[in-house]
$ cat work_8.txt   # compact mmCIF, C-alpha atoms
# COMPACT_ATOMS: atom_id res chain seq x y z
CA MET P 1 29.96 -1.32 -106.13
CA ALA P 2 26.32 -1.20 -105.11
CA ARG P 3 25.59 -0.71 -101.43
CA LYS P 4 24.02 -3.75 -99.78
CA VAL P 5 20.61 -3.14 -98.24
CA SER P 6 19.78 -5.10 -95.11
CA ASN P 7 16.56 -7.09 -94.84
CA ARG P 8 15.46 -4.98 -91.87
CA ARG P 9 15.82 -1.76 -93.82
CA ARG P 10 14.05 -3.28 -96.81
CA VAL P 11 11.11 -4.27 -94.61
CA ILE P 12 10.94 -0.81 -92.98
CA MET P 13 11.00 0.93 -96.36
CA SER P 14 8.31 -1.41 -97.68
CA VAL P 15 6.08 -0.70 -94.67
CA ILE P 16 6.55 3.07 -95.10
CA ALA P 17 5.83 2.84 -98.83
CA TRP P 18 2.64 0.82 -98.27
CA ALA P 19 1.53 3.22 -95.52
CA LEU P 20 2.00 6.23 -97.79
CA ALA P 21 0.21 4.43 -100.62
CA PHE P 22 -2.71 3.67 -98.31
CA VAL P 23 -2.94 7.31 -97.17
CA ILE P 24 -2.95 8.50 -100.80
CA PHE P 25 -5.52 5.89 -101.89
CA PHE P 26 -7.75 6.22 -98.80
CA PRO P 27 -10.06 8.98 -100.20
CA ILE P 28 -10.81 6.78 -103.21
CA LEU P 29 -11.34 3.75 -100.96
CA TRP P 30 -13.72 5.71 -98.72
CA THR P 31 -15.66 6.93 -101.76
CA ILE P 32 -16.09 3.32 -102.91
CA ILE P 33 -17.27 2.27 -99.44
CA LEU P 34 -19.82 5.11 -99.24
CA SER P 35 -21.19 4.15 -102.65
CA PHE P 36 -22.47 0.89 -101.13
CA LYS P 37 -24.30 2.62 -98.27
CA THR P 38 -27.70 4.28 -97.95
CA GLU P 39 -27.89 8.07 -97.66
CA GLY P 40 -28.70 7.73 -93.97
CA ASN P 41 -25.72 5.49 -93.24
CA ALA P 42 -23.32 7.49 -95.43
CA ILE P 43 -23.39 10.49 -93.06
CA LYS P 44 -22.76 8.51 -89.88
CA ALA P 45 -19.49 8.25 -87.96
CA PRO P 46 -16.74 6.28 -89.77
CA TRP P 47 -17.09 3.16 -87.62
CA ASP P 48 -20.88 3.18 -88.00
CA VAL P 49 -20.46 3.52 -91.75
CA LEU P 50 -18.22 0.46 -91.89
CA THR P 51 -20.52 -1.68 -89.75
CA SER P 52 -23.77 -0.66 -91.47
CA SER P 53 -25.40 -2.82 -94.13
CA TRP P 54 -24.17 -2.77 -97.72
CA THR P 55 -26.47 -2.12 -100.65
CA PHE P 56 -26.47 -1.44 -104.39
CA ASP P 57 -29.37 1.02 -104.15
CA SER P 58 -27.26 4.06 -105.00
CA TYR P 59 -25.97 2.38 -108.16
CA HIS P 60 -29.52 1.49 -109.21
CA VAL P 61 -30.66 5.10 -108.69
CA VAL P 62 -27.67 6.49 -110.60
CA GLN P 63 -28.30 4.15 -113.53
CA GLU P 64 -32.00 5.02 -113.65
CA ARG P 65 -31.41 8.76 -113.38
CA SER P 66 -28.48 9.14 -115.79
CA ASN P 67 -27.24 7.49 -118.97
CA TYR P 68 -23.85 6.34 -117.72
CA PHE P 69 -22.70 4.74 -120.96
CA ARG P 70 -23.36 7.90 -122.99
CA HIS P 71 -21.23 9.93 -120.58
CA PHE P 72 -18.62 7.16 -120.59
CA MET P 73 -18.34 7.16 -124.39
CA ASN P 74 -18.08 10.94 -124.38
CA SER P 75 -15.18 10.72 -121.92
CA VAL P 76 -13.44 8.06 -124.03
CA VAL P 77 -13.77 10.03 -127.26
CA ILE P 78 -12.79 13.35 -125.68
CA SER P 79 -9.80 12.10 -123.65
CA PHE P 80 -8.28 9.79 -126.27
CA GLY P 81 -9.17 12.10 -129.17
CA SER P 82 -7.57 15.16 -127.58
CA THR P 83 -4.46 13.18 -126.60
CA LEU P 84 -3.98 11.64 -130.06
CA LEU P 85 -4.45 15.03 -131.71
CA ALA P 86 -1.90 16.53 -129.31
CA LEU P 87 0.58 13.74 -130.15
CA VAL P 88 0.19 14.36 -133.90
CA ILE P 89 1.11 18.01 -133.33
CA ALA P 90 3.70 17.46 -130.58
CA ILE P 91 5.88 14.73 -132.14
CA PRO P 92 7.12 16.90 -135.05
CA SER P 93 7.37 19.92 -132.75
CA ALA P 94 9.42 18.06 -130.15
CA TRP P 95 11.61 16.58 -132.91
CA ALA P 96 12.40 20.06 -134.24
CA MET P 97 13.23 21.40 -130.78
CA ALA P 98 15.32 18.39 -129.79
CA PHE P 99 17.33 17.83 -132.99
CA VAL P 100 17.21 21.19 -134.80
CA PRO P 101 17.25 23.67 -131.90
CA GLY P 102 17.34 27.38 -132.56
CA LYS P 103 18.43 30.33 -130.49
CA ARG P 104 14.94 30.75 -129.04
CA THR P 105 14.09 27.09 -128.50
CA LYS P 106 14.44 27.22 -124.72
CA ASP P 107 12.47 30.46 -124.61
CA VAL P 108 9.67 28.88 -126.62
CA LEU P 109 9.60 25.86 -124.31
CA MET P 110 9.42 28.08 -121.24
CA TRP P 111 6.70 30.20 -122.85
CA MET P 112 4.62 27.08 -123.58
CA LEU P 113 5.05 25.88 -120.02
CA SER P 114 4.12 29.32 -118.66
CA THR P 115 0.72 29.08 -120.37
CA LYS P 116 -0.17 26.30 -117.90
CA MET P 117 0.25 28.79 -115.07
CA MET P 118 -2.52 31.05 -116.37
CA PRO P 119 -5.90 30.48 -114.70
CA ALA P 120 -8.29 28.81 -117.11
CA VAL P 121 -11.09 31.17 -116.07
CA GLY P 122 -9.06 34.03 -117.54
CA VAL P 123 -9.74 32.82 -121.09
CA LEU P 124 -13.16 31.26 -120.51
CA VAL P 125 -15.19 34.15 -121.92
CA PRO P 126 -13.34 34.53 -125.27
CA ILE P 127 -13.22 30.77 -125.81
CA TYR P 128 -16.90 30.44 -124.93
CA LEU P 129 -17.83 33.20 -127.39
CA MET P 130 -15.70 31.67 -130.16
CA PHE P 131 -17.21 28.24 -129.57
CA ARG P 132 -20.69 29.78 -129.62
CA ASP P 133 -20.05 31.53 -132.94
CA TRP P 134 -18.42 28.44 -134.49
CA GLY P 135 -21.13 26.04 -133.31
CA LEU P 136 -18.76 24.05 -131.10
CA LEU P 137 -20.62 24.40 -127.81
CA ASP P 138 -21.73 21.07 -126.33
CA THR P 139 -19.88 19.06 -128.99
CA ARG P 140 -17.21 16.40 -128.72
CA THR P 141 -15.18 18.19 -131.40
CA GLY P 142 -15.06 21.38 -129.37
CA LEU P 143 -13.89 19.58 -126.22
CA VAL P 144 -11.29 17.60 -128.17
CA ILE P 145 -9.84 20.86 -129.49
CA VAL P 146 -9.80 22.73 -126.17
CA LEU P 147 -8.37 19.80 -124.19
CA CYS P 148 -5.74 19.23 -126.87
CA LEU P 149 -4.65 22.87 -126.60
CA MET P 150 -4.74 22.70 -122.81
CA ASN P 151 -2.44 19.65 -122.61
CA LEU P 152 -0.27 20.39 -125.64
CA PRO P 153 2.52 22.17 -123.67
CA ILE P 154 2.87 19.16 -121.35
CA VAL P 155 2.92 16.73 -124.28
CA ILE P 156 5.63 18.72 -126.11
CA TRP P 157 7.74 19.08 -122.96
CA MET P 158 7.58 15.36 -122.16
CA LEU P 159 8.37 14.29 -125.73
CA PHE P 160 11.17 16.84 -125.97
CA THR P 161 12.74 15.31 -122.84
CA TYR P 162 12.51 11.78 -124.28
CA PHE P 163 13.80 12.77 -127.71
CA LYS P 164 16.84 14.50 -126.20
CA GLU P 165 17.96 11.11 -124.84
CA ILE P 166 18.00 9.51 -128.31
CA PRO P 167 21.48 9.58 -129.93
CA LYS P 168 21.61 11.87 -132.95
CA ASP P 169 23.96 9.44 -134.71
CA ILE P 170 21.07 7.04 -135.30
CA LEU P 171 19.06 9.72 -137.09
CA GLU P 172 22.08 10.78 -139.10
CA ALA P 173 22.60 7.17 -140.17
CA ALA P 174 19.00 7.02 -141.31
CA ARG P 175 19.51 10.18 -143.38
CA MET P 176 22.61 8.68 -145.00
CA ASP P 177 20.52 5.65 -145.94
CA GLY P 178 18.13 7.95 -147.76
CA ALA P 179 15.38 8.39 -145.18
CA THR P 180 13.14 11.38 -145.77
CA LEU P 181 12.18 13.76 -142.98
CA GLY P 182 8.80 12.08 -142.56
CA GLY P 183 10.35 8.61 -142.69
CA GLU P 184 12.94 9.62 -140.12
CA ILE P 185 10.26 10.73 -137.67
CA LEU P 186 7.80 7.92 -138.41
CA TYR P 187 10.05 4.89 -138.83
CA VAL P 188 13.18 5.72 -136.80
CA LEU P 189 12.42 8.24 -134.07
CA THR P 190 8.90 7.20 -133.09
CA PRO P 191 9.64 3.45 -132.57
CA MET P 192 12.68 4.32 -130.41
CA ALA P 193 10.59 6.62 -128.22
CA VAL P 194 7.62 4.25 -127.80
CA PRO P 195 8.00 4.06 -123.96
CA GLY P 196 8.05 7.85 -123.70
CA ILE P 197 5.17 8.30 -126.15
CA ALA P 198 3.12 5.65 -124.33
CA SER P 199 3.63 7.25 -120.93
CA THR P 200 2.85 10.68 -122.38
CA LEU P 201 -0.36 9.29 -123.88
CA LEU P 202 -1.41 7.66 -120.61
CA LEU P 203 -0.73 10.72 -118.47
CA ASN P 204 -2.57 13.04 -120.80
CA VAL P 205 -5.52 10.67 -121.12
CA ILE P 206 -5.77 10.80 -117.32
CA LEU P 207 -5.53 14.61 -117.33
CA ALA P 208 -8.20 14.92 -120.02
CA TRP P 209 -10.42 12.32 -118.31
CA ASN P 210 -10.34 14.25 -115.03
CA GLU P 211 -10.74 17.72 -116.55
CA ALA P 212 -13.82 19.36 -115.05
CA PHE P 213 -13.57 23.11 -115.66
CA TRP P 214 -13.85 23.09 -119.46
CA THR P 215 -16.19 20.12 -119.66
CA LEU P 216 -18.66 21.73 -117.25
CA ASN P 217 -18.55 25.15 -118.90
CA LEU P 218 -18.56 24.14 -122.57
CA THR P 219 -21.10 21.31 -122.46
CA ALA P 220 -24.72 20.91 -121.43
CA ALA P 221 -26.05 17.47 -122.34
CA LYS P 222 -25.00 16.00 -125.69
CA ALA P 223 -21.20 15.94 -125.18
CA ALA P 224 -21.19 15.88 -121.37
CA PRO P 225 -18.48 13.48 -120.09
CA LEU P 226 -18.26 11.71 -116.73
CA THR P 227 -17.19 14.86 -114.89
CA ALA P 228 -20.61 16.35 -115.69
CA PHE P 229 -22.14 13.00 -114.73
CA ILE P 230 -20.65 13.41 -111.23
CA ALA P 231 -21.57 17.09 -110.93
CA ALA P 232 -25.23 16.24 -111.52
CA TYR P 233 -25.41 14.80 -107.99
CA SER P 234 -24.47 18.08 -106.33
CA SER P 235 -27.62 20.18 -105.96
CA PRO P 236 -28.81 23.26 -103.99
CA GLU P 237 -30.65 20.88 -101.67
CA GLY P 238 -27.31 19.46 -100.54
CA LEU P 239 -24.89 16.66 -101.30
CA PHE P 240 -26.25 13.15 -101.69
CA TYR P 241 -23.13 11.39 -100.42
CA ALA P 242 -24.06 7.82 -101.31
CA LYS P 243 -25.28 8.64 -104.82
CA LEU P 244 -22.41 11.07 -105.39
CA SER P 245 -19.95 8.36 -104.30
CA ALA P 246 -21.60 5.82 -106.60
CA ALA P 247 -21.38 8.23 -109.55
CA SER P 248 -17.74 9.02 -108.68
CA THR P 249 -16.86 5.33 -108.43
CA LEU P 250 -18.40 4.63 -111.84
CA ALA P 251 -16.49 7.60 -113.29
CA ILE P 252 -13.06 6.74 -111.89
CA ALA P 253 -13.27 2.95 -112.31
CA PRO P 254 -12.22 2.89 -116.01
CA ILE P 255 -9.19 5.12 -115.46
CA LEU P 256 -8.16 3.17 -112.35
CA ILE P 257 -8.28 -0.08 -114.32
CA LEU P 258 -6.32 1.50 -117.17
CA GLY P 259 -3.68 2.81 -114.76
CA TRP P 260 -3.41 -0.54 -112.98
CA PHE P 261 -2.78 -2.57 -116.13
CA SER P 262 -0.47 0.01 -117.69
CA GLN P 263 1.57 0.90 -114.60
CA LYS P 264 4.71 -0.89 -115.81
CA GLN P 265 4.63 0.94 -119.13
CA LEU P 266 3.92 4.19 -117.32
CA VAL P 267 6.87 3.81 -114.95
CA ARG P 268 9.13 2.72 -117.79
CA GLY P 269 8.19 5.78 -119.79
CA LEU P 270 8.58 8.17 -116.86
CA THR P 271 12.07 6.86 -116.13
CA PHE P 272 13.07 6.73 -119.82
CA GLY P 273 16.53 8.19 -120.08
CA ALA P 274 16.86 8.80 -116.34
CA VAL P 275 19.44 6.07 -115.82
CA LYS P 276 22.29 5.54 -118.24
$ encode --input "work_8.txt" --output "structure tokens"
Amino acid sequence: MARKVSNRRRVIMSVIAWALAFVIFFPILWTIILSFKTEGNAIKAPWDVLTSSWTFDSYHVVQERSNYFRHFMNSVVISFGSTLLALVIAIPSAWAMAFVPGKRTKDVLMWMLSTKMMPAVGVLVPIYLMFRDWGLLDTRTGLVIVLCLMNLPIVIWMLFTYFKEIPKDILEAARMDGATLGGEILYVLTPMAVPGIASTLLLNVILAWNEAFWTLNLTAAKAAPLTAFIAAYSSPEGLFYAKLSAASTLAIAPILILGWFSQKQLVRGLTFGAVK
């Protein structure tokens, strides 16, 4: 029998949850506020910042100085392209590990996860030299490949977890009905794991969208995404807080909107199989 929760406790927990959410979201909120201030007002005390006049000047300067939509399209292509490529590779891999495990399956999974613990700078030089020789520097294709490889262990781990929750009897029934291996994965397994696949896609799009190390080191101008767009407003002369905040707001706005409208699907996917 479920334990009854009093109204008082429900209110207290709601207040605590909203307070924590506000603390977590406050840096983003403050960045948005600074983006509507002049450079002189942006460096004042917090109360003076809030009471100073609001302006769109920083947004006008950012738009005139940089091609926002070119950087935006680069981010869209790179983040979604790398995630979709990772899914194409990870779905069969996770299927094999979940339903046809071998003696070394767990070791392979741990090895893949351990690659995320290696500092990215440790492999920057060889990857940079390979990209230079292959003509992949400052290209969308090169960033799609490197971000796919970077996030592939996470994609496989998440899909492996979701696939383990799917009853094997359903797949065996599909085989008895004459389903081929490809048909089993495409028409039986994939539709059943849609919540998990969707949440995996969303999380990895966010990771690829926010990736700065590889995008700043492997691009210059043509394939530069929004992370490079933000970095352009940090110069040796100092930080231009208002313009930097405006650029950051324009960069994070699409992913915030995506996360807001897909939060139910994201939560559903993250809790897939957690409660039976």
$ residues_around --input "work_8.txt" --residues "stretch 205-219 of chain P" --least-positions-apart "2" --cutoff "10 Å" --atoms "only C-alpha atoms" --output "tab-separated table (two decimals) with C-alpha atoms, keeping the file's coordinate frame"
chain	number	residue	atom	x	y	z
P	72	PHE	CA	-18.62	7.16	-120.59
P	74	ASN	CA	-18.08	10.94	-124.38
P	75	SER	CA	-15.18	10.72	-121.92
P	76	VAL	CA	-13.44	8.06	-124.03
P	77	VAL	CA	-13.77	10.03	-127.26
P	78	ILE	CA	-12.79	13.35	-125.68
P	79	SER	CA	-9.80	12.10	-123.65
P	80	PHE	CA	-8.28	9.79	-126.27
P	81	GLY	CA	-9.17	12.10	-129.17
P	82	SER	CA	-7.57	15.16	-127.58
P	83	THR	CA	-4.46	13.18	-126.60
P	84	LEU	CA	-3.98	11.64	-130.06
P	120	ALA	CA	-8.29	28.81	-117.11
P	121	VAL	CA	-11.09	31.17	-116.07
P	124	LEU	CA	-13.16	31.26	-120.51
P	127	ILE	CA	-13.22	30.77	-125.81
P	128	TYR	CA	-16.90	30.44	-124.93
P	131	PHE	CA	-17.21	28.24	-129.57
P	132	ARG	CA	-20.69	29.78	-129.62
P	136	LEU	CA	-18.76	24.05	-131.10
P	137	LEU	CA	-20.62	24.40	-127.81
P	138	ASP	CA	-21.73	21.07	-126.33
P	139	THR	CA	-19.88	19.06	-128.99
P	140	ARG	CA	-17.21	16.40	-128.72
P	142	GLY	CA	-15.06	21.38	-129.37
P	143	LEU	CA	-13.89	19.58	-126.22
P	144	VAL	CA	-11.29	17.60	-128.17
P	146	VAL	CA	-9.80	22.73	-126.17
P	147	LEU	CA	-8.37	19.80	-124.19
P	148	CYS	CA	-5.74	19.23	-126.87
P	150	MET	CA	-4.74	22.70	-122.81
P	151	ASN	CA	-2.44	19.65	-122.61
P	199	SER	CA	3.63	7.25	-120.93
P	200	THR	CA	2.85	10.68	-122.38
P	201	LEU	CA	-0.36	9.29	-123.88
P	202	LEU	CA	-1.41	7.66	-120.61
P	203	LEU	CA	-0.73	10.72	-118.47
P	221	ALA	CA	-26.05	17.47	-122.34
P	222	LYS	CA	-25.00	16.00	-125.69
P	223	ALA	CA	-21.20	15.94	-125.18
P	224	ALA	CA	-21.19	15.88	-121.37
P	225	PRO	CA	-18.48	13.48	-120.09
P	226	LEU	CA	-18.26	11.71	-116.73
P	227	THR	CA	-17.19	14.86	-114.89
P	228	ALA	CA	-20.61	16.35	-115.69
P	229	PHE	CA	-22.14	13.00	-114.73
P	230	ILE	CA	-20.65	13.41	-111.23
P	231	ALA	CA	-21.57	17.09	-110.93
P	251	ALA	CA	-16.49	7.60	-113.29
P	252	ILE	CA	-13.06	6.74	-111.89
P	254	PRO	CA	-12.22	2.89	-116.01
P	255	ILE	CA	-9.19	5.12	-115.46
P	256	LEU	CA	-8.16	3.17	-112.35
P	258	LEU	CA	-6.32	1.50	-117.17
P	259	GLY	CA	-3.68	2.81	-114.76
$ residues_around --input "work_8.txt" --residues "stretch 98-102 of chain P" --least-positions-apart "5" --cutoff "12 Å" --atoms "all atoms listed in the file" --output "PyMOL selection string"
chain P and resi 90-93+107-109+156-172+181+184-185+189
$ atom_distance --input "work_8.txt" --atom1 "atom CA of P:Pro195" --atom2 "atom CA of P:Arg104"
28.0 Å
$ residues_around --input "work_8.txt" --residues "P:Ser53" --least-positions-apart "5" --cutoff "9 Å" --atoms "only C-alpha atoms" --output "tab-separated table (two decimals) with C-alpha atoms, in the coordinates of the input"
chain	number	residue	atom	x	y	z
P	36	PHE	CA	-22.47	0.89	-101.13
P	37	LYS	CA	-24.30	2.62	-98.27
P	38	THR	CA	-27.70	4.28	-97.95
P	41	ASN	CA	-25.72	5.49	-93.24
$ atom_distance --input "work_8.txt" --atom1 "atom CA of P:Lys264" --atom2 "atom CA of P:Gly196"
12.2 Å
$ residues_around --input "work_8.txt" --residues "P:His60" --least-positions-apart "3" --cutoff "12 Å" --atoms "all atoms listed in the file" --output "number ranges by chain"
P: 35-36, 38, 55-57, 63-68, 242-243, 246-247, 250
$ atom_distance --input "work_8.txt" --atom1 "atom CA of P:Phe261" --atom2 "atom CA of P:Thr31"
21.5 Å
$ closest_residue --input "work_8.txt" --among "P:Ala198, P:Met117, P:Leu149, P:Ile32" --to "P:Thr249" --atoms "all atoms listed in the file"
P:Ile32
$ closest_residue --input "work_8.txt" --among "P:Ile197, P:Leu129, P:Val155, P:Ala220" --to "P:Met112" --atoms "all atoms listed in the file"
P:Val155
$ closest_residue --input "work_8.txt" --among "P:Ile89, P:Ala19, P:Val125, P:Leu186" --to "P:Ala174" --atoms "only C-alpha atoms"
P:Leu186
$ closest_residue --input "work_8.txt" --among "P:Met73, P:Trp54, P:Val194, P:Leu87" --to "P:Ala42" --atoms "all atoms listed in the file"
P:Trp54
$ decode --input "work_8.txt" --residues "stretch 47-114 of chain P" --atoms "C-alpha atoms" --output "PDB file, in the first residue's frame"
ATOM      1  CA  TRP P  47      20.981  45.500  -8.139  1.00  0.00           C
ATOM      2  CA  ASP P  48      22.245  48.272 -10.415  1.00  0.00           C
ATOM      3  CA  VAL P  49      22.219  45.838 -13.321  1.00  0.00           C
ATOM      4  CA  LEU P  50      18.577  44.952 -12.694  1.00  0.00           C
ATOM      5  CA  THR P  51      17.453  48.568 -12.363  1.00  0.00           C
ATOM      6  CA  SER P  52      19.409  49.898 -15.363  1.00  0.00           C
ATOM      7  CA  SER P  53      17.774  50.435 -18.741  1.00  0.00           C
ATOM      8  CA  TRP P  54      17.202  47.544 -21.129  1.00  0.00           C
ATOM      9  CA  THR P  55      18.426  47.596 -24.710  1.00  0.00           C
ATOM     10  CA  PHE P  56      18.856  45.393 -27.782  1.00  0.00           C
ATOM     11  CA  ASP P  57      22.148  47.043 -28.751  1.00  0.00           C
ATOM     12  CA  SER P  58      24.260  43.978 -27.971  1.00  0.00           C
ATOM     13  CA  TYR P  59      22.070  41.808 -30.195  1.00  0.00           C
ATOM     14  CA  HIS P  60      22.361  44.312 -33.043  1.00  0.00           C
ATOM     15  CA  VAL P  61      26.166  44.368 -32.708  1.00  0.00           C
ATOM     16  CA  VAL P  62      26.363  40.565 -32.589  1.00  0.00           C
ATOM     17  CA  GLN P  63      24.212  40.226 -35.699  1.00  0.00           C
ATOM     18  CA  GLU P  64      26.262  42.805 -37.601  1.00  0.00           C
ATOM     19  CA  ARG P  65      29.601  41.320 -36.573  1.00  0.00           C
ATOM     20  CA  SER P  66      28.839  37.612 -37.038  1.00  0.00           C
ATOM     21  CA  ASN P  67      26.696  35.462 -39.305  1.00  0.00           C
ATOM     22  CA  TYR P  68      24.548  33.819 -36.646  1.00  0.00           C
ATOM     23  CA  PHE P  69      22.477  31.686 -39.007  1.00  0.00           C
ATOM     24  CA  ARG P  70      25.561  30.139 -40.636  1.00  0.00           C
ATOM     25  CA  HIS P  71      26.889  29.116 -37.221  1.00  0.00           C
ATOM     26  CA  PHE P  72      23.410  27.916 -36.247  1.00  0.00           C
ATOM     27  CA  MET P  73      23.099  25.674 -39.312  1.00  0.00           C
ATOM     28  CA  ASN P  74      26.578  24.296 -38.671  1.00  0.00           C
ATOM     29  CA  SER P  75      25.537  23.383 -35.118  1.00  0.00           C
ATOM     30  CA  VAL P  76      22.333  21.725 -36.348  1.00  0.00           C
ATOM     31  CA  VAL P  77      24.116  19.653 -38.993  1.00  0.00           C
ATOM     32  CA  ILE P  78      26.995  18.682 -36.705  1.00  0.00           C
ATOM     33  CA  SER P  79      24.941  17.804 -33.607  1.00  0.00           C
ATOM     34  CA  PHE P  80      22.112  15.928 -35.344  1.00  0.00           C
ATOM     35  CA  GLY P  81      24.416  14.374 -37.943  1.00  0.00           C
ATOM     36  CA  SER P  82      26.848  13.004 -35.360  1.00  0.00           C
ATOM     37  CA  THR P  83      23.996  11.692 -33.190  1.00  0.00           C
ATOM     38  CA  LEU P  84      22.201   9.953 -36.069  1.00  0.00           C
ATOM     39  CA  LEU P  85      25.453   8.388 -37.251  1.00  0.00           C
ATOM     40  CA  ALA P  86      26.145   7.190 -33.707  1.00  0.00           C
ATOM     41  CA  LEU P  87      22.639   5.666 -33.505  1.00  0.00           C
ATOM     42  CA  VAL P  88      23.148   3.776 -36.789  1.00  0.00           C
ATOM     43  CA  ILE P  89      26.304   2.220 -35.339  1.00  0.00           C
ATOM     44  CA  ALA P  90      25.074   1.823 -31.752  1.00  0.00           C
ATOM     45  CA  ILE P  91      21.691   0.124 -32.304  1.00  0.00           C
ATOM     46  CA  PRO P  92      23.153  -3.083 -33.834  1.00  0.00           C
ATOM     47  CA  SER P  93      26.040  -2.992 -31.358  1.00  0.00           C
ATOM     48  CA  ALA P  94      23.748  -2.638 -28.345  1.00  0.00           C
ATOM     49  CA  TRP P  95      21.470  -5.376 -29.739  1.00  0.00           C
ATOM     50  CA  ALA P  96      24.405  -7.785 -29.992  1.00  0.00           C
ATOM     51  CA  MET P  97      25.586  -7.025 -26.461  1.00  0.00           C
ATOM     52  CA  ALA P  98      22.104  -7.204 -24.942  1.00  0.00           C
ATOM     53  CA  PHE P  99      20.734 -10.312 -26.678  1.00  0.00           C
ATOM     54  CA  VAL P 100      23.829 -12.226 -27.818  1.00  0.00           C
ATOM     55  CA  PRO P 101      26.315 -11.488 -25.016  1.00  0.00           C
ATOM     56  CA  GLY P 102      29.733 -13.067 -25.037  1.00  0.00           C
ATOM     57  CA  LYS P 103      32.262 -13.746 -22.322  1.00  0.00           C
ATOM     58  CA  ARG P 104      33.910 -10.355 -22.857  1.00  0.00           C
ATOM     59  CA  THR P 105      30.772  -8.254 -23.326  1.00  0.00           C
ATOM     60  CA  LYS P 106      30.994  -6.562 -19.930  1.00  0.00           C
ATOM     61  CA  ASP P 107      34.708  -5.967 -20.426  1.00  0.00           C
ATOM     62  CA  VAL P 108      34.049  -4.332 -23.788  1.00  0.00           C
ATOM     63  CA  LEU P 109      31.355  -2.110 -22.280  1.00  0.00           C
ATOM     64  CA  MET P 110      33.678  -1.030 -19.483  1.00  0.00           C
ATOM     65  CA  TRP P 111      36.487  -0.400 -21.967  1.00  0.00           C
ATOM     66  CA  MET P 112      34.212   1.818 -24.078  1.00  0.00           C
ATOM     67  CA  LEU P 113      33.142   3.751 -21.003  1.00  0.00           C
ATOM     68  CA  SER P 114      36.761   4.138 -19.878  1.00  0.00           C
TER      69      SER P 114
END
